>>> print(open('final28.tsv').read())   # TSV, C-alpha atoms
chain	number	residue	atom	x	y	z
A	735	MET	CA	-109.62	125.72	-61.78
A	736	MET	CA	-107.69	125.79	-65.06
A	737	THR	CA	-107.27	122.39	-66.69
A	738	ALA	CA	-103.91	121.21	-67.99
A	739	PRO	CA	-103.42	121.84	-71.72
A	740	LEU	CA	-104.04	118.97	-74.10
A	741	LEU	CA	-101.41	120.33	-76.49
A	742	SER	CA	-98.44	122.43	-75.46
A	743	VAL	CA	-95.55	123.89	-77.42
A	744	SER	CA	-92.51	125.34	-75.64
A	745	GLY	CA	-89.41	127.06	-77.00
A	746	LEU	CA	-90.10	125.81	-80.52
A	747	VAL	CA	-87.45	126.78	-83.06
A	748	VAL	CA	-87.80	125.74	-86.71
A	749	ARG	CA	-85.46	126.32	-89.61
A	750	ARG	CA	-86.42	125.88	-93.23
A	751	GLY	CA	-83.86	126.12	-95.99
A	752	GLY	CA	-81.25	127.26	-93.50
A	753	VAL	CA	-83.38	130.19	-92.34
A	754	GLU	CA	-84.86	130.31	-88.85
A	755	VAL	CA	-88.62	130.72	-89.31
A	756	LEU	CA	-89.89	130.18	-85.75
A	757	HIS	CA	-88.02	131.77	-82.85
A	758	GLY	CA	-88.99	130.08	-79.59
A	759	ILE	CA	-92.77	129.64	-79.84
A	760	ASP	CA	-94.75	128.92	-76.66
A	761	LEU	CA	-98.46	128.11	-76.78
A	762	GLU	CA	-101.08	125.90	-75.16
A	763	ALA	CA	-104.43	124.53	-76.34
A	764	ARG	CA	-106.88	123.24	-73.75
A	765	ALA	CA	-109.11	120.23	-74.31
A	766	GLY	CA	-112.36	121.22	-75.99
A	767	ALA	CA	-111.15	124.75	-76.74
A	768	ILE	CA	-110.57	126.64	-79.97
A	769	LEU	CA	-107.23	128.43	-80.19
A	770	ALA	CA	-106.97	130.90	-83.08
A	771	ILE	CA	-103.61	132.05	-84.44
A	772	ILE	CA	-103.69	135.22	-86.49
A	773	GLY	CA	-101.02	137.35	-88.11
A	774	PRO	CA	-99.75	138.61	-91.46
A	775	ASN	CA	-98.46	136.50	-94.32
A	776	GLY	CA	-94.97	135.20	-93.63
A	777	ALA	CA	-95.41	135.21	-89.85
A	778	GLY	CA	-94.74	131.45	-89.66
A	779	LYS	CA	-98.28	130.29	-88.87
A	780	SER	CA	-98.35	127.45	-91.42
A	781	THR	CA	-94.86	126.34	-90.42
A	782	LEU	CA	-96.03	126.14	-86.82
A	783	LEU	CA	-98.96	123.87	-87.69
A	784	GLY	CA	-96.83	121.76	-90.02
A	785	THR	CA	-94.23	121.25	-87.29
A	786	ILE	CA	-96.84	120.19	-84.74
A	787	ALA	CA	-98.17	117.72	-87.32
A	788	GLY	CA	-94.71	116.29	-88.00
A	789	ALA	CA	-94.34	117.66	-91.53
A	790	TYR	CA	-91.32	119.81	-90.59
A	791	PRO	CA	-88.54	119.00	-88.09
A	792	ALA	CA	-88.01	121.15	-85.03
A	793	SER	CA	-84.51	122.51	-84.41
A	794	ALA	CA	-85.20	123.08	-80.71
A	795	GLY	CA	-88.04	123.07	-78.23
A	796	ALA	CA	-90.76	120.59	-77.31
A	797	ILE	CA	-94.24	119.61	-78.45
A	798	VAL	CA	-96.31	117.65	-75.92
A	799	LEU	CA	-99.69	115.97	-76.46
A	800	ASP	CA	-101.56	115.08	-73.26
A	801	GLY	CA	-98.30	114.73	-71.33
A	802	ARG	CA	-96.50	112.74	-74.04
A	803	PRO	CA	-93.57	114.33	-75.92
A	804	ILE	CA	-94.14	114.06	-79.67
A	805	THR	CA	-91.32	116.25	-80.98
A	806	GLY	CA	-89.57	114.56	-83.87
A	807	LEU	CA	-92.08	111.75	-84.33
A	808	PRO	CA	-93.02	110.96	-87.96
A	809	ALA	CA	-96.24	112.48	-89.23
A	810	GLU	CA	-98.02	109.13	-89.49
A	811	GLU	CA	-97.35	108.40	-85.82
A	812	ILE	CA	-98.61	111.83	-84.79
A	813	VAL	CA	-101.85	111.14	-86.70
A	814	ARG	CA	-102.24	107.86	-84.79
A	815	LEU	CA	-101.75	109.71	-81.51
A	816	GLY	CA	-104.59	112.08	-82.32
A	817	ILE	CA	-103.43	115.16	-84.25
A	818	SER	CA	-104.83	115.83	-87.72
A	819	LEU	CA	-103.79	118.67	-90.05
A	820	VAL	CA	-106.14	120.18	-92.62
A	821	PRO	CA	-103.59	121.96	-94.82
A	822	GLU	CA	-103.80	125.31	-96.53
A	823	ARG	CA	-105.41	125.21	-100.00
A	824	ARG	CA	-107.16	121.91	-99.14
A	825	GLN	CA	-104.78	119.56	-101.03
A	826	ILE	CA	-107.47	117.01	-101.75
A	827	PHE	CA	-106.95	114.26	-104.33
A	828	SER	CA	-108.57	115.69	-107.46
A	829	THR	CA	-108.96	112.38	-109.34
A	830	LEU	CA	-110.50	110.49	-106.41
A	831	THR	CA	-114.15	110.63	-105.43
A	832	VAL	CA	-115.44	112.41	-102.36
A	833	ARG	CA	-115.90	109.07	-100.62
A	834	GLN	CA	-112.38	107.91	-101.53
A	835	ASN	CA	-110.90	111.16	-100.23
A	836	LEU	CA	-112.73	110.69	-96.95
A	837	LEU	CA	-111.62	107.09	-96.57
A	838	LEU	CA	-107.99	108.13	-97.05
A	839	GLY	CA	-108.35	110.28	-93.94
A	840	GLY	CA	-108.73	107.05	-91.96
A	841	TYR	CA	-106.07	105.14	-93.88
A	842	HIS	CA	-103.99	104.36	-90.78
A	843	ARG	CA	-106.99	102.46	-89.35
A	844	TYR	CA	-108.45	101.08	-92.57
A	845	TRP	CA	-106.82	97.65	-92.84
A	846	ARG	CA	-107.47	96.68	-89.22
A	847	HIS	CA	-110.82	98.40	-88.74
A	848	ARG	CA	-112.28	98.69	-92.23
A	849	ALA	CA	-115.92	98.51	-91.15
A	850	ALA	CA	-115.44	101.22	-88.52
A	851	VAL	CA	-113.66	103.52	-90.98
A	852	CYS	CA	-116.41	103.05	-93.57
A	853	ALA	CA	-119.01	103.82	-90.91
A	854	ASP	CA	-117.12	106.95	-89.90
A	855	VAL	CA	-117.88	108.50	-93.31
A	856	SER	CA	-121.25	109.44	-91.79
A	857	ARG	CA	-119.51	111.85	-89.41
A	858	PRO	CA	-118.29	114.44	-91.97
A	859	ARG	CA	-121.53	113.95	-93.91
A	860	ALA	CA	-123.50	114.92	-90.83
A	861	MET	CA	-121.29	117.96	-90.39
A	862	PHE	CA	-121.53	118.94	-94.08
A	863	PRO	CA	-124.63	117.28	-95.64
A	864	ARG	CA	-123.54	118.45	-99.08
A	865	LEU	CA	-120.79	115.80	-99.05
A	866	ALA	CA	-123.37	113.00	-99.10
A	867	VAL	CA	-124.88	114.40	-102.29
A	868	LEU	CA	-121.43	114.66	-103.89
A	869	ASP	CA	-120.31	111.18	-102.84
A	870	ARG	CA	-119.32	109.95	-106.33
A	871	ARG	CA	-118.01	113.24	-107.68
A	872	THR	CA	-114.26	113.57	-108.08
A	873	GLY	CA	-112.49	116.12	-105.93
A	874	GLY	CA	-111.32	118.19	-108.88
A	875	THR	CA	-114.89	118.93	-109.99
A	876	LEU	CA	-115.96	120.45	-106.66
A	877	SER	CA	-116.23	124.14	-105.90
A	878	GLY	CA	-113.75	125.75	-103.54
A	879	GLY	CA	-116.22	125.63	-100.66
A	880	GLU	CA	-117.06	121.98	-101.32
A	881	GLN	CA	-113.35	121.12	-101.45
A	882	GLN	CA	-112.81	122.82	-98.09
A	883	MET	CA	-115.67	120.87	-96.55
A	884	LEU	CA	-114.13	117.70	-97.95
A	885	ALA	CA	-110.69	118.59	-96.58
A	886	ILE	CA	-112.11	119.17	-93.09
A	887	GLY	CA	-114.15	115.98	-93.35
A	888	ARG	CA	-111.05	114.03	-94.37
A	889	GLY	CA	-109.23	115.42	-91.34
A	890	LEU	CA	-112.02	114.22	-89.06
A	891	MET	CA	-111.78	110.69	-90.43
A	892	SER	CA	-108.65	110.05	-88.36
A	893	ARG	CA	-110.71	110.62	-85.20
A	894	PRO	CA	-108.40	113.38	-83.96
A	895	ARG	CA	-108.22	114.80	-80.48
A	896	VAL	CA	-106.66	117.96	-81.91
A	897	LEU	CA	-107.65	119.33	-85.33
A	898	LEU	CA	-105.19	121.75	-86.92
A	899	LEU	CA	-106.84	123.99	-89.53
A	900	ASP	CA	-104.73	126.13	-91.85
A	901	GLU	CA	-106.67	129.00	-93.46
A	902	PRO	CA	-110.01	127.18	-93.95
A	903	SER	CA	-111.74	130.35	-95.19
A	904	LEU	CA	-109.16	131.08	-97.90
A	905	GLY	CA	-110.90	132.13	-101.12
A	906	LEU	CA	-114.41	131.36	-99.90
A	907	ALA	CA	-117.54	133.49	-100.03
A	908	PRO	CA	-118.78	134.88	-96.69
A	909	LEU	CA	-121.78	132.53	-96.54
A	910	LEU	CA	-119.52	129.48	-96.91
A	911	VAL	CA	-117.14	130.85	-94.28
A	912	ARG	CA	-120.08	131.20	-91.90
A	913	GLU	CA	-121.20	127.64	-92.63
A	914	ILE	CA	-117.73	126.25	-91.85
A	915	VAL	CA	-117.35	128.37	-88.70
A	916	ASN	CA	-120.73	127.25	-87.41
A	917	ALA	CA	-119.91	123.61	-88.16
A	918	LEU	CA	-116.67	123.85	-86.18
A	919	GLU	CA	-118.48	125.37	-83.24
A	920	ARG	CA	-121.11	122.61	-83.29
A	921	LEU	CA	-118.39	119.97	-83.47
A	922	ARG	CA	-116.51	121.45	-80.53
A	923	ARG	CA	-119.65	121.60	-78.41
A	924	ALA	CA	-120.89	118.13	-79.34
A	925	GLU	CA	-117.61	116.22	-79.18
A	926	GLY	CA	-115.20	118.36	-77.18
A	927	LEU	CA	-112.74	118.51	-80.07
A	928	THR	CA	-109.71	120.76	-79.59
A	929	VAL	CA	-109.11	123.03	-82.58
A	930	VAL	CA	-106.04	125.09	-83.45
A	931	LEU	CA	-107.11	127.48	-86.16
A	932	VAL	CA	-104.75	129.53	-88.32
A	933	GLU	CA	-106.85	132.17	-90.02
A	934	GLN	CA	-106.44	135.50	-91.79
A	935	ASN	CA	-110.17	136.08	-91.62
A	936	VAL	CA	-109.83	137.56	-88.15
A	937	LYS	CA	-113.53	138.25	-87.71
A	938	ALA	CA	-114.39	134.60	-88.35
A	939	ALA	CA	-111.64	133.44	-85.98
A	940	MET	CA	-112.70	135.83	-83.23
A	941	ALA	CA	-116.29	134.62	-83.48
A	942	ILE	CA	-115.51	131.10	-82.22
A	943	ALA	CA	-112.11	131.25	-80.50
A	944	ASP	CA	-111.63	130.85	-76.77
A	945	GLU	CA	-108.12	132.27	-77.01
A	946	VAL	CA	-106.22	134.11	-79.72
A	947	CYS	CA	-102.47	134.33	-80.37
A	948	VAL	CA	-100.99	136.97	-82.64
A	949	MET	CA	-97.88	135.92	-84.59
A	950	GLU	CA	-95.43	138.27	-86.26
A	951	ARG	CA	-92.08	137.35	-87.80
A	952	GLY	CA	-91.91	133.93	-86.20
A	953	ARG	CA	-92.88	134.99	-82.70
A	954	ILE	CA	-96.07	135.20	-80.69
A	955	VAL	CA	-96.30	138.86	-79.75
A	956	LEU	CA	-99.69	138.92	-78.04
A	957	ARG	CA	-102.25	136.48	-76.65
A	958	GLY	CA	-105.57	136.64	-74.86
A	959	THR	CA	-109.30	136.14	-75.25
A	960	PRO	CA	-111.09	137.72	-78.21
A	961	SER	CA	-112.45	140.36	-75.85
A	962	ASP	CA	-108.93	141.11	-74.58
A	963	LEU	CA	-107.64	141.60	-78.10
A	964	LEU	CA	-110.65	143.62	-79.16
A	965	ALA	CA	-109.75	146.06	-76.39
A	966	HIS	CA	-106.17	146.30	-77.67
A	967	PRO	CA	-105.96	149.41	-79.91
A	968	GLY	CA	-103.14	148.07	-82.06
A	969	ILE	CA	-104.91	144.80	-82.85
A	970	LYS	CA	-108.23	146.45	-83.56
A	971	SER	CA	-106.76	148.96	-85.99
A	972	ALA	CA	-104.43	146.48	-87.70
A	973	TYR	CA	-106.83	143.56	-88.15
A	974	LEU	CA	-110.44	144.52	-87.51
A	975	GLY	CA	-111.15	148.07	-88.56
A	976	LYS	CA	-113.40	150.59	-86.90
A	977	GLY	CA	-116.71	149.69	-85.39
A	978	TYR	CA	-116.08	145.95	-85.27
A	979	GLU	CA	-117.94	143.86	-82.75
A	980	ILE	CA	-117.32	140.17	-82.05
A	981	ALA	CA	-119.91	138.09	-83.88
A	982	THR	CA	-121.64	135.09	-82.33
A	983	PRO	CA	-122.02	131.93	-84.43
A	984	ARG	CA	-125.56	130.96	-85.26
A	985	ALA	CA	-127.05	128.16	-83.20
>>> encode(input="final28.tsv", output="structure tokens")
Amino acid sequence: MMTAPLLSVSGLVVRRGGVEVLHGIDLEARAGAILAIIGPNGAGKSTLLGTIAGAYPASAGAIVLDGRPITGLPAEEIVRLGISLVPERRQIFSTLTVRQNLLLGGYHRYWRHRAAVCADVSRPRAMFPRLAVLDRRTGGTLSGGEQQMLAIGRGLMSRPRVLLLDEPSLGLAPLLVREIVNALERLRRAEGLTVVLVEQNVKAAMAIADEVCVMERGRIVLRGTPSDLLAHPGIKSAYLGKGYEIATPRA
């Protein structure tokens, strides 16, 4: 029996600068599942995540989290309700230390639950042990891979039910991409976290996704399991190349 979606988007229309960017998006993410969204540059993937997170206003449509409409709520309220966005290109605070960056991820809880937020720093450190070693380093001195680990760790500090990830593999070496993909899979299995992953590294996305949506020009044009899309000749030739097989994350 299929469970009700934790996050659902229906008929979502978004305009930016007077131009309609999203044209009636419908999607669902189930609790404890990884939904990957792939597509070319300019398809509207980042706008979709930003709208779910409250960074951009919706012109029409509805966004619902666990039965509660959240369309139009301010971003800080959406974070409190359990949605956290890890933005494209990390956007960490370069002059703050790793620890300070992490604590800012739990800022909405910090003044009432300071001890709990400080204790929560152990969670991203367990996921990415390198962060513990870098605790007092400033964000601007980290490598690209270390900054991405920090950005994901900061997103986890809000204790989200849904983690939105925008291009986490951007500019990273394959070994670092594999480390991040494996960490996300472990987190999903251990904690049942729902992940919506926007990714141009289609092979990495296919390796861990339960469902995949393909976006083009502000619309979702195809959806299915990774196996479904692998069998689709247009998707395979456009995104994967010949001879590609779905990889399995390392245990």
>>> atom_distance(input="final28.tsv", atom1="atom CA of Leu918 of chain A", atom2="atom CA of Cys852 of chain A")
22.1 Å
>>> closest_residue(input="final28.tsv", among="A:Ala763, A:Thr829, A:Ile772, A:Ala777", to="Arg951 of chain A", atoms="all atoms listed in the file")
A:Ala777
>>> axis_aligned_box(input="final28.tsv", around="segment 844-863 of chain A", padding_each_side="5 Å", output="JSON")
{"center_x": -115.7, "center_y": 107.8, "center_z": -92.1, "size_x": 27.8, "size_y": 32.3, "size_z": 17.1}
>>> closest_residue(input="final28.tsv", among="A:Thr928, A:Pro894, A:Ile969, A:Leu807", to="Pro739 of chain A", atoms="only C-alpha atoms")
A:Thr928
>>> atom_distance(input="final28.tsv", atom1="atom CA of Leu769 of chain A", atom2="atom CA of Leu890 of chain A")
17.4 Å
>>> atom_distance(input="final28.tsv", atom1="atom CA of Gly773 of chain A", atom2="atom CA of Glu822 of chain A")
15.0 Å
>>> closest_residue(input="final28.tsv", among="A:Leu876, A:Ile914, A:Leu906, A:Ala965", to="Ile942 of chain A", atoms="only C-alpha atoms")
A:Ile914
>>> closest_residue(input="final28.tsv", among="A:Arg764, A:Gly784, A:Arg749, A:Ala789", to="Pro808 of chain A", atoms="all atoms listed in the file")
A:Ala789
>>> closest_residue(input="final28.tsv", among="A:Leu909, A:Val932, A:Cys947, A:Leu819", to="Asp760 of chain A", atoms="only C-alpha atoms")
A:Cys947
>>> closest_residue(input="final28.tsv", among="A:Ala792, A:Leu836, A:Ile759, A:Leu740", to="Arg857 of chain A", atoms="only C-alpha atoms")
A:Leu836
>>> residues_around(input="final28.tsv", residues="Gln834 of chain A", least_positions_apart="3", cutoff="10 Å", atoms="all atoms listed in the file", output="MDAnalysis selection string")
chainID A and resid 827 829:831 837:839 855 869:873 888
>>> residues_around(input="final28.tsv", residues="Gly874 of chain A", least_positions_apart="4", cutoff="12 Å", atoms="only C-alpha atoms", output="list in words")
Arg824, Gln825, Ile826, Phe827, Ser828, Thr829, Leu830, Thr831, Val832, Asn835, Leu868, Arg870, Gly878, Glu880, Gln881, Gln882 and Leu884 of chain A
